[in-house]
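**Q** Just coords37.cif, nothing more (mmCIF, C-alpha atoms and all ligand atoms):
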data_my_file
loop_
_atom_site.label_atom_id
_atom_site.label_comp_id
_atom_site.auth_asym_id
_atom_site.auth_seq_id
_atom_site.Cartn_x
_atom_site.Cartn_y
_atom_site.Cartn_z
CA MET A 1340 78.12 88.62 84.14
CA ARG A 1341 80.06 91.61 85.49
CA TYR A 1342 83.49 91.11 87.06
CA ILE A 1343 86.64 92.85 88.24
CA ASP A 1344 90.08 91.46 87.31
CA PRO A 1345 92.13 92.74 90.26
CA HIS A 1346 95.52 91.55 88.98
CA ILE A 1347 96.42 91.86 85.31
CA HIS A 1348 99.40 93.42 83.54
CA MET A 1349 97.69 95.31 80.73
CA VAL A 1350 100.89 97.07 79.60
CA SER A 1351 101.84 93.65 78.20
CA ARG A 1352 98.50 92.99 76.52
CA ILE A 1353 97.04 94.14 73.23
CA THR A 1354 94.09 96.49 72.93
CA ASP A 1355 91.87 93.68 71.61
CA ASP A 1356 92.20 92.10 75.06
CA TYR A 1357 90.50 95.14 76.61
CA GLN A 1358 87.73 94.77 74.05
CA ARG A 1359 87.23 91.07 74.72
CA MET A 1360 87.37 91.58 78.49
CA ALA A 1361 84.73 94.31 78.28
CA GLN A 1362 82.52 92.04 76.16
CA ALA A 1363 82.93 89.31 78.80
CA GLY A 1364 81.72 91.63 81.59
CA CYS A 1365 84.89 93.29 82.92
CA VAL A 1366 84.12 96.64 84.56
CA ALA A 1367 87.46 97.34 86.26
CA VAL A 1368 91.06 96.10 86.43
CA THR A 1369 93.90 96.74 88.82
CA GLU A 1370 97.45 96.48 87.54
CA PRO A 1371 100.38 95.88 89.92
CA ALA A 1372 103.88 97.04 88.98
CA PHE A 1373 105.95 94.00 88.00
CA TRP A 1374 109.03 92.65 86.21
CA ALA A 1375 109.01 93.44 82.49
CA GLY A 1376 110.72 90.16 81.55
CA PHE A 1377 114.10 91.91 81.61
CA ASP A 1378 115.88 94.13 84.17
CA ARG A 1379 115.55 97.89 83.68
CA SER A 1380 118.93 99.57 83.33
CA SER A 1381 118.10 102.67 85.36
CA ALA A 1382 115.67 104.15 87.86
CA GLN A 1383 114.45 106.33 84.99
CA GLY A 1384 113.13 103.16 83.35
CA PHE A 1385 110.84 102.70 86.38
CA TYR A 1386 109.82 106.36 86.27
CA ASP A 1387 108.60 105.88 82.69
CA TYR A 1388 106.79 102.66 83.67
CA TYR A 1389 104.98 104.49 86.51
CA VAL A 1390 103.89 107.17 84.00
CA GLN A 1391 102.56 104.42 81.74
CA LEU A 1392 100.62 102.86 84.65
CA THR A 1393 99.17 106.13 85.95
CA GLU A 1394 98.53 108.10 82.75
CA VAL A 1395 98.61 105.99 79.59
CA GLU A 1396 96.91 102.75 80.58
CA PRO A 1397 93.80 104.33 82.22
CA LYS A 1398 93.04 106.09 78.91
CA ARG A 1399 93.45 102.89 76.91
CA ALA A 1400 91.08 101.03 79.28
CA ALA A 1401 88.50 103.83 79.29
CA GLN A 1402 87.94 103.39 75.54
CA PHE A 1403 86.22 100.11 76.41
CA GLY A 1404 84.39 101.24 79.54
CA ILE A 1405 86.88 99.57 81.89
CA ALA A 1406 88.14 101.50 84.93
CA HIS A 1407 91.91 101.09 85.32
CA HIS A 1408 93.83 101.31 88.62
CA CYS A 1409 97.38 100.44 89.56
CA TRP A 1410 99.82 99.59 92.34
CA LEU A 1411 103.39 100.88 92.48
CA CYS A 1412 106.61 99.26 93.72
CA ILE A 1413 109.86 97.67 92.66
CA ASN A 1414 109.21 93.96 92.18
CA PRO A 1415 111.26 91.30 94.00
CA LYS A 1416 112.94 90.05 90.81
CA GLU A 1417 114.76 93.41 90.57
CA ALA A 1418 115.46 93.69 94.31
CA GLU A 1419 118.76 91.80 94.42
CA ASP A 1420 120.67 95.12 94.21
CA PRO A 1421 119.37 97.02 97.29
CA GLY A 1422 121.10 100.30 96.40
CA PHE A 1423 119.39 100.39 93.00
CA ALA A 1424 116.07 99.27 94.51
CA ARG A 1425 116.14 102.10 97.08
CA GLU A 1426 116.76 104.61 94.28
CA VAL A 1427 113.58 103.33 92.60
CA ILE A 1428 111.57 103.32 95.84
CA ALA A 1429 112.44 107.00 96.32
CA LEU A 1430 110.47 107.77 93.11
CA ILE A 1431 107.23 106.19 94.33
CA PRO A 1432 105.90 108.89 96.73
CA GLY A 1433 105.84 111.30 93.78
CA PHE A 1434 103.17 109.12 92.13
CA LEU A 1435 101.00 108.19 95.13
CA ASP A 1436 98.62 111.12 94.59
CA LYS A 1437 97.75 110.07 91.04
CA PRO A 1438 93.99 109.31 90.98
CA ASN A 1439 94.25 105.65 89.89
CA VAL A 1440 96.90 104.53 92.42
CA LEU A 1441 95.49 102.09 95.01
CA GLY A 1442 98.61 101.21 97.00
CA ILE A 1443 101.99 99.46 97.05
CA GLY A 1444 102.36 96.26 95.01
CA GLU A 1445 103.06 93.73 93.92
CA ILE A 1446 105.76 93.53 96.59
CA GLY A 1447 106.98 90.24 98.01
CA LEU A 1448 109.71 87.68 97.46
CA ASN A 1449 110.94 85.69 94.46
CA LYS A 1450 113.82 83.42 95.55
CA ASN A 1451 113.49 84.26 99.27
CA SER A 1452 116.89 85.97 99.46
CA LYS A 1453 118.16 88.36 102.14
CA ASN A 1454 118.25 91.32 99.73
CA GLU A 1455 114.71 90.64 98.53
CA LEU A 1456 113.56 90.58 102.15
CA GLU A 1457 115.33 93.86 102.91
CA ILE A 1458 113.58 95.58 100.00
CA LEU A 1459 110.24 94.00 100.92
CA GLU A 1460 110.59 95.42 104.45
CA ALA A 1461 111.45 98.86 103.03
CA GLN A 1462 108.29 98.83 100.92
CA ILE A 1463 106.07 97.57 103.77
CA ASP A 1464 107.37 100.60 105.66
CA LEU A 1465 106.65 102.86 102.67
CA ALA A 1466 103.04 101.61 102.63
CA ALA A 1467 102.72 102.20 106.39
CA GLN A 1468 104.13 105.73 106.18
CA HIS A 1469 101.71 106.70 103.41
CA ASP A 1470 98.73 104.66 104.73
CA GLN A 1471 98.54 102.59 101.53
CA LEU A 1472 96.94 99.20 100.83
CA ILE A 1473 99.40 96.39 100.02
CA LEU A 1474 99.24 93.81 97.22
CA VAL A 1475 101.67 90.92 97.78
CA HIS A 1476 103.28 88.67 95.17
CA THR A 1477 104.21 85.26 96.60
CA PRO A 1478 107.05 83.26 94.98
CA HIS A 1479 106.63 80.63 92.30
CA LEU A 1480 106.50 76.85 92.64
CA GLU A 1481 108.90 75.34 95.20
CA ASP A 1482 109.64 78.76 96.70
CA LYS A 1483 106.02 79.72 97.44
CA LEU A 1484 105.40 77.99 100.79
CA LYS A 1485 108.57 79.30 102.45
CA GLY A 1486 108.19 82.74 100.87
CA THR A 1487 104.58 83.12 101.95
CA LYS A 1488 105.57 82.45 105.57
CA LEU A 1489 108.52 84.89 105.41
CA ILE A 1490 106.28 87.60 103.90
CA MET A 1491 103.52 87.18 106.51
CA ASP A 1492 106.16 87.33 109.28
CA ALA A 1493 107.70 90.50 107.78
CA ILE A 1494 104.29 92.20 107.73
CA ARG A 1495 103.50 91.12 111.30
CA ASN A 1496 106.97 92.19 112.50
CA HIS A 1497 106.46 95.68 111.09
CA GLY A 1498 103.83 96.08 113.78
CA SER A 1499 101.56 98.73 112.26
CA ILE A 1500 99.97 96.98 109.25
CA ASP A 1501 96.37 95.77 109.53
CA PRO A 1502 96.24 92.38 107.72
CA GLY A 1503 92.74 93.32 106.49
CA ARG A 1504 94.46 95.92 104.27
CA VAL A 1505 96.83 93.37 102.69
CA LEU A 1506 95.97 91.00 99.82
CA ILE A 1507 98.36 88.05 99.51
CA ASP A 1508 98.21 86.86 95.94
CA HIS A 1509 98.96 83.65 94.05
CA VAL A 1510 97.82 81.41 96.93
CA GLU A 1511 97.36 77.70 96.25
CA GLU A 1512 95.99 74.79 98.29
CA HIS A 1513 99.03 74.73 100.62
CA THR A 1514 99.08 78.48 101.40
CA VAL A 1515 95.47 79.65 101.32
CA GLY A 1516 94.68 78.34 104.83
CA PRO A 1517 97.56 80.07 106.66
CA VAL A 1518 96.94 83.35 104.76
CA LEU A 1519 93.23 83.49 105.67
CA ASP A 1520 93.86 82.27 109.24
CA ARG A 1521 96.17 85.22 109.86
CA GLY A 1522 93.53 87.72 108.77
CA PHE A 1523 94.88 88.59 105.31
CA TRP A 1524 92.91 88.62 102.08
CA ALA A 1525 93.91 85.90 99.60
CA GLY A 1526 94.07 85.99 95.79
CA MET A 1527 93.92 82.95 93.53
CA THR A 1528 95.66 83.39 90.18
CA LEU A 1529 94.29 81.48 87.21
CA TYR A 1530 97.46 80.94 85.19
CA PRO A 1531 98.58 78.01 83.04
CA ASP A 1532 101.06 75.46 84.44
CA THR A 1533 102.53 77.45 87.32
CA LYS A 1534 99.46 78.54 89.30
CA MET A 1535 95.74 77.66 89.61
CA THR A 1536 93.12 76.45 87.15
CA PRO A 1537 89.48 77.57 87.26
CA GLN A 1538 88.61 74.08 88.53
CA ARG A 1539 91.06 74.17 91.45
CA ALA A 1540 90.00 77.71 92.35
CA ALA A 1541 86.38 76.54 92.50
CA ASP A 1542 87.54 73.64 94.72
CA VAL A 1543 89.22 76.07 97.13
CA ILE A 1544 86.05 78.16 97.31
CA GLU A 1545 84.11 74.98 98.17
CA MET A 1546 86.65 74.07 100.87
CA CYS A 1547 87.58 77.46 102.36
CA GLY A 1548 84.44 79.53 101.84
CA LYS A 1549 84.05 82.82 100.05
CA GLU A 1550 85.23 85.40 102.59
CA ARG A 1551 88.36 87.52 101.91
CA LEU A 1552 89.04 85.58 98.72
CA TRP A 1553 89.25 86.75 95.09
CA ILE A 1554 90.33 85.43 91.68
CA ASN A 1555 92.47 87.07 89.01
CA SER A 1556 94.16 86.24 85.71
CA ALA A 1557 97.58 87.85 86.28
CA GLY A 1558 97.60 88.07 82.47
CA ASP A 1559 101.02 89.34 81.36
CA TRP A 1560 103.70 88.86 78.68
CA GLY A 1561 103.82 85.08 79.25
CA CYS A 1562 101.31 82.48 78.05
CA SER A 1563 98.31 83.60 80.11
CA ASP A 1564 94.61 84.23 79.72
CA PRO A 1565 93.02 87.66 80.13
CA LEU A 1566 89.60 85.93 80.15
CA ALA A 1567 90.48 83.56 83.01
CA VAL A 1568 88.10 85.23 85.49
CA PRO A 1569 84.94 84.75 83.36
CA LYS A 1570 86.10 81.16 82.69
CA CYS A 1571 86.16 80.55 86.44
CA GLN A 1572 82.72 82.17 86.77
CA GLN A 1573 81.53 79.67 84.16
CA GLU A 1574 83.13 76.73 85.99
CA MET A 1575 81.35 77.75 89.19
CA ARG A 1576 78.05 78.16 87.34
CA LEU A 1577 78.32 74.68 85.80
CA ARG A 1578 78.95 73.22 89.24
CA GLY A 1579 75.79 74.84 90.52
CA HIS A 1580 77.31 77.50 92.76
CA PRO A 1581 74.67 80.17 93.53
CA LEU A 1582 74.97 83.30 91.40
CA ALA A 1583 75.43 85.28 94.65
CA THR A 1584 78.60 83.29 95.43
CA ILE A 1585 80.01 83.82 91.94
CA GLU A 1586 79.24 87.53 92.16
CA GLN A 1587 80.86 87.75 95.59
CA ILE A 1588 84.12 86.10 94.50
CA SER A 1589 84.51 87.90 91.18
CA TYR A 1590 83.00 91.32 91.94
CA GLU A 1591 81.94 92.13 95.50
CA ASN A 1592 85.07 90.88 97.30
CA PRO A 1593 87.50 92.85 95.11
CA LEU A 1594 85.17 95.86 95.40
CA ARG A 1595 85.18 95.60 99.19
CA PHE A 1596 88.96 95.19 99.56
CA LEU A 1597 89.91 97.80 96.96
CA SER A 1598 87.39 100.37 98.23
CA GLN A 1599 89.50 100.65 101.39
CA SER A 1600 91.84 102.78 99.25
CA GLY A 1601 89.16 105.48 98.94
CA ARG A 1602 90.03 105.63 95.23
CA PHE A 1603 88.58 102.52 93.65
CA LYS A 1604 85.65 102.73 91.26
CA THR A 1605 84.19 100.57 88.53
CA SER A 1606 82.97 101.88 85.18
CA GLU A 1607 79.30 101.32 86.08
CA MET B 635 77.80 68.52 93.05
CA PRO B 636 76.47 64.92 93.17
CA ARG B 637 79.18 62.30 92.73
CA ASP B 638 77.80 60.80 89.50
CA ALA B 639 77.48 64.27 87.94
CA LEU B 640 81.04 65.01 89.03
CA VAL B 641 82.30 61.83 87.35
CA ASP B 642 80.28 62.50 84.20
CA ARG B 643 81.68 66.00 83.96
CA TYR B 644 85.35 65.41 84.72
CA PHE B 645 86.26 61.75 84.10
CA LEU B 646 87.33 61.91 80.45
CA GLU B 647 89.40 65.05 81.01
CA HIS B 648 91.33 63.49 83.89
CA ARG B 649 91.67 60.13 82.17
CA ALA B 650 93.43 62.04 79.38
CA LYS B 651 95.65 63.89 81.85
CA LEU B 652 96.63 60.60 83.48
CA LEU B 653 97.57 59.19 80.07
CA ASP B 654 99.77 62.25 79.52
CA VAL B 655 101.64 61.42 82.73
CA ALA B 656 101.92 57.76 81.77
CA ALA B 657 103.25 58.61 78.31
CA PHE B 658 105.73 61.10 79.81
CA LEU B 659 107.11 58.38 82.14
CA ASP B 660 107.41 56.00 79.15
CA ARG B 661 109.22 58.73 77.21
CA LEU B 662 111.66 59.11 80.10
CA ASP B 663 112.31 55.35 80.03
CA ARG B 664 113.18 55.56 76.33
CA SER B 665 115.51 58.53 76.82
CA GLU B 666 119.26 58.29 77.34
CA ALA B 667 120.07 58.03 81.07
CA PRO B 668 122.41 60.71 82.52
CA ALA B 669 126.10 59.74 82.72
CA ASP B 670 126.14 59.68 86.53
CA SER B 671 122.96 57.52 86.48
CA ASN B 672 121.40 59.73 89.18
CA GLU B 673 117.76 60.52 88.56
CA ASP B 674 116.86 64.19 88.11
CA PHE B 675 115.57 65.61 91.44
CA ARG B 676 112.42 66.83 89.69
CA ILE B 677 111.56 63.33 88.47
CA GLU B 678 112.27 61.87 91.92
CA ALA B 679 109.84 64.41 93.38
CA LEU B 680 107.27 63.57 90.69
CA GLN B 681 107.51 59.85 91.52
CA ARG B 682 107.01 60.54 95.24
CA ALA B 683 104.06 62.77 94.37
CA ILE B 684 102.47 60.03 92.26
CA SER B 685 102.63 57.52 95.12
CA LEU B 686 100.96 60.09 97.36
CA LEU B 687 97.93 60.16 95.03
CA ILE B 688 96.91 56.62 96.01
CA ASP B 689 97.70 56.63 99.76
CA GLU B 690 94.05 57.36 100.62
CA LYS B 691 95.01 60.13 103.07
CA GLY B 692 93.09 62.99 101.38
CA GLU B 693 94.21 66.61 100.82
CA ARG B 694 96.22 65.38 97.84
CA ALA B 695 96.63 68.74 96.06
CA LYS B 696 97.90 70.40 99.24
CA ARG B 697 100.28 67.55 100.05
CA VAL B 698 101.64 67.36 96.49
CA LEU B 699 102.37 71.10 96.63
CA GLU B 700 104.08 70.67 100.03
CA LEU B 701 106.13 67.77 98.68
CA PHE B 702 107.50 69.98 95.87
CA SER B 703 108.24 72.87 98.30
CA ASP B 704 111.48 74.14 99.83
CA PRO B 705 111.22 72.90 103.46
CA THR B 706 113.77 75.40 104.88
CA ASP B 707 112.67 78.53 106.71
CA THR B 708 115.44 81.14 106.56
CA PRO B 709 116.29 83.53 103.70
CA ILE B 710 119.11 82.44 101.38
CA ASP B 711 122.21 84.64 100.95
CA LYS B 712 121.71 85.50 97.29
CA ALA B 713 119.16 84.69 94.59
CA PRO B 714 120.93 82.23 92.22
CA MET B 715 118.49 82.88 89.34
CA LYS B 716 115.10 84.48 88.74
CA GLY B 717 113.09 81.38 87.83
CA ALA B 718 112.03 78.28 89.74
CA ASP B 719 112.48 74.53 89.06
CA GLY B 720 109.11 73.25 90.28
CA ALA B 721 110.70 70.92 92.84
CA TYR B 722 113.18 71.49 95.66
CA SER B 723 116.82 70.43 95.52
CA ALA B 724 119.03 70.81 98.61
CA LYS B 725 122.05 71.24 96.29
ZN ZN C 1 101.60 90.03 88.67
#
Any chance you could put this one into structure tokens?
**A**
Amino acid sequence: MRYIDPHIHMVSRITDDYQRMAQAGCVAVTEPAFWAGFDRSSAQGFYDYYVQLTEVEPKRAAQFGIAHHCWLCINPKEAEDPGFAREVIALIPGFLDKPNVLGIGEIGLNKNSKNELEILEAQIDLAAQHDQLILVHTPHLEDKLKGTKLIMDAIRNHGSIDPGRVLIDHVEEHTVGPVLDRGFWAGMTLYPDTKMTPQRAADVIEMCGKERLWINSAGDWGCSDPLAVPKCQQEMRLRGHPLATIEQISYENPLRFLSQSGRFKTSE
Amino acid sequence: MPRDALVDRYFLEHRAKLLDVAAFLDRLDRSEAPADSNEDFRIEALQRAISLLIDEKGERAKRVLELFSDPTDTPIDKAPMKGADGAYSAK
């Protein structure tokens, strides 16, 4: 069954993963800029990463018939030094015209600190100035509930961002309701231990409906599963969800949200 | 999904997960207690979460997540680390 994985960090995955994903039905991925597992020592390190996301990775994906897109930003884990973060942000406009760039992301908060919030606000403004879609990372574990509220307030306070052009990712049972109620799109991440399982994601779909909701693997350099989306499709199928619902969650919803960029395409 | 089909499909898996929790609590009992005899804040949160599972009030997953969450609402001065503990400590 075809699917889109709208949040996966392919720079951290091996080429065999592309092959297996293609065999499982993946027709497109979108890759947000994130923390590499260590802090970069210079803005130039980010420049090289943006080249990898906009030039190298699309070619690697194309070998397997998967369309590759990306999102650019400085992630909240490297936002504790605002001077450095602003130096990195200044590089981003130079990449926004690359054909696979969909918007600004994954921006957000990590520990909900004042500096993280300052850099989040700067990047919300960057997205507004360049009319870009936004992909939001919400904090982990005990920091998620508070961080999700602070992020939604920061976007509302900016005043010119349409929530229908913002996807708030890594929602769980305690944050999905407020995110959808405020008009945002919501992403459920299928990730071992710290986020959702395919079973819980299927539960949320049963409880909250299938509008403005998508699933992703957020596969990265940690223990994670690049085939998490087809596993959730399978969970839904075994529960008797109609094929139309499974297709909507794993293909049509991402297609609809991402197409607002004017750039998104699948490999079909 | 009909209730009996739901039980057929998921019971053994969740029975096993419950045994993992039970064995973890037994393992904690066998371990050396901390010198100050105060329980780790994460284990205190886990115990409160377990009692919530049988209070018959529904929305258990949501309420367990809320129980583990930071209840404050203003940004902190500086990030003390990059990771997260899984439960909130006011300290
Ligand atoms: Zn990510």
**Q** Would you compute the distance between atom CA of Asn1449 of chain A and atom CA of Lys1416 of chain A? Give it in Å to one decimal.
**A** 6.0 Å
**Q** Just the residues within 7 Å of Ile1405 of chain A, please, counting all atoms listed in the file, with nothing from its chain fewer than 4 positions along; format it as JSON, numbers by chain.
**A** {"A": [1361, 1365, 1366, 1367, 1400, 1401, 1606]}
**Q** Put those residues in a file: C-alpha atoms, as a compact mmCIF listing (two decimals), keeping the file's coordinate frame.
**A**
# COMPACT_ATOMS: atom_id res chain seq x y z
CA ALA A 1361 84.73 94.31 78.28
CA CYS A 1365 84.89 93.29 82.92
CA VAL A 1366 84.12 96.64 84.56
CA ALA A 1367 87.46 97.34 86.26
CA ALA A 1400 91.08 101.03 79.28
CA ALA A 1401 88.50 103.83 79.29
CA SER A 1606 82.97 101.88 85.18
**Q** Which residue is closest to chain B? Choose from A:Arg1521, A:His1346, A:His1497, A:Lys1483 and count all atoms listed in the file.
**A**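 Once distances to chain B are computed over all atoms listed in the file, the minimum belongs to A:Lys1483.
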**Q** Can you check which residues of chain B have any atom within 12 Å of chain A? Use only C-alpha atoms and format it as number ranges by chain.
**A** B: 635-637, 639-640, 642-644, 647-648, 676, 679, 693-724
**Q** Can you pull out every residue within 6 Å of segment 1506-1510 of chain A, counting only C-alpha atoms, but drop anything in the same chain fewer than 4 positions away, and send it as a list of chain:residue names?
**A**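 The contact residues come out as A:Leu1474, A:Val1475, A:His1476, A:Thr1514, A:Val1515, A:Trp1524, A:Ala1525, A:Gly1526, A:Met1527, A:Thr1528.
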**Q** How would you report the residues lying within 9 Å of ligand ZN 1 (chain C), as a PyMOL selection string, if you count all atoms listed in the file?
**A** chain A and resi 1346-1348+1370-1374+1444-1445+1476+1508-1509+1556-1559
**Q** Atom CA of His1408 of chain A and atom CA of Phe1603 of chain A, how far apart in Å?
**A**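 Separation between atom CA of Phe1603 of chain A and atom CA of His1408 of chain A: 7.4 Å.
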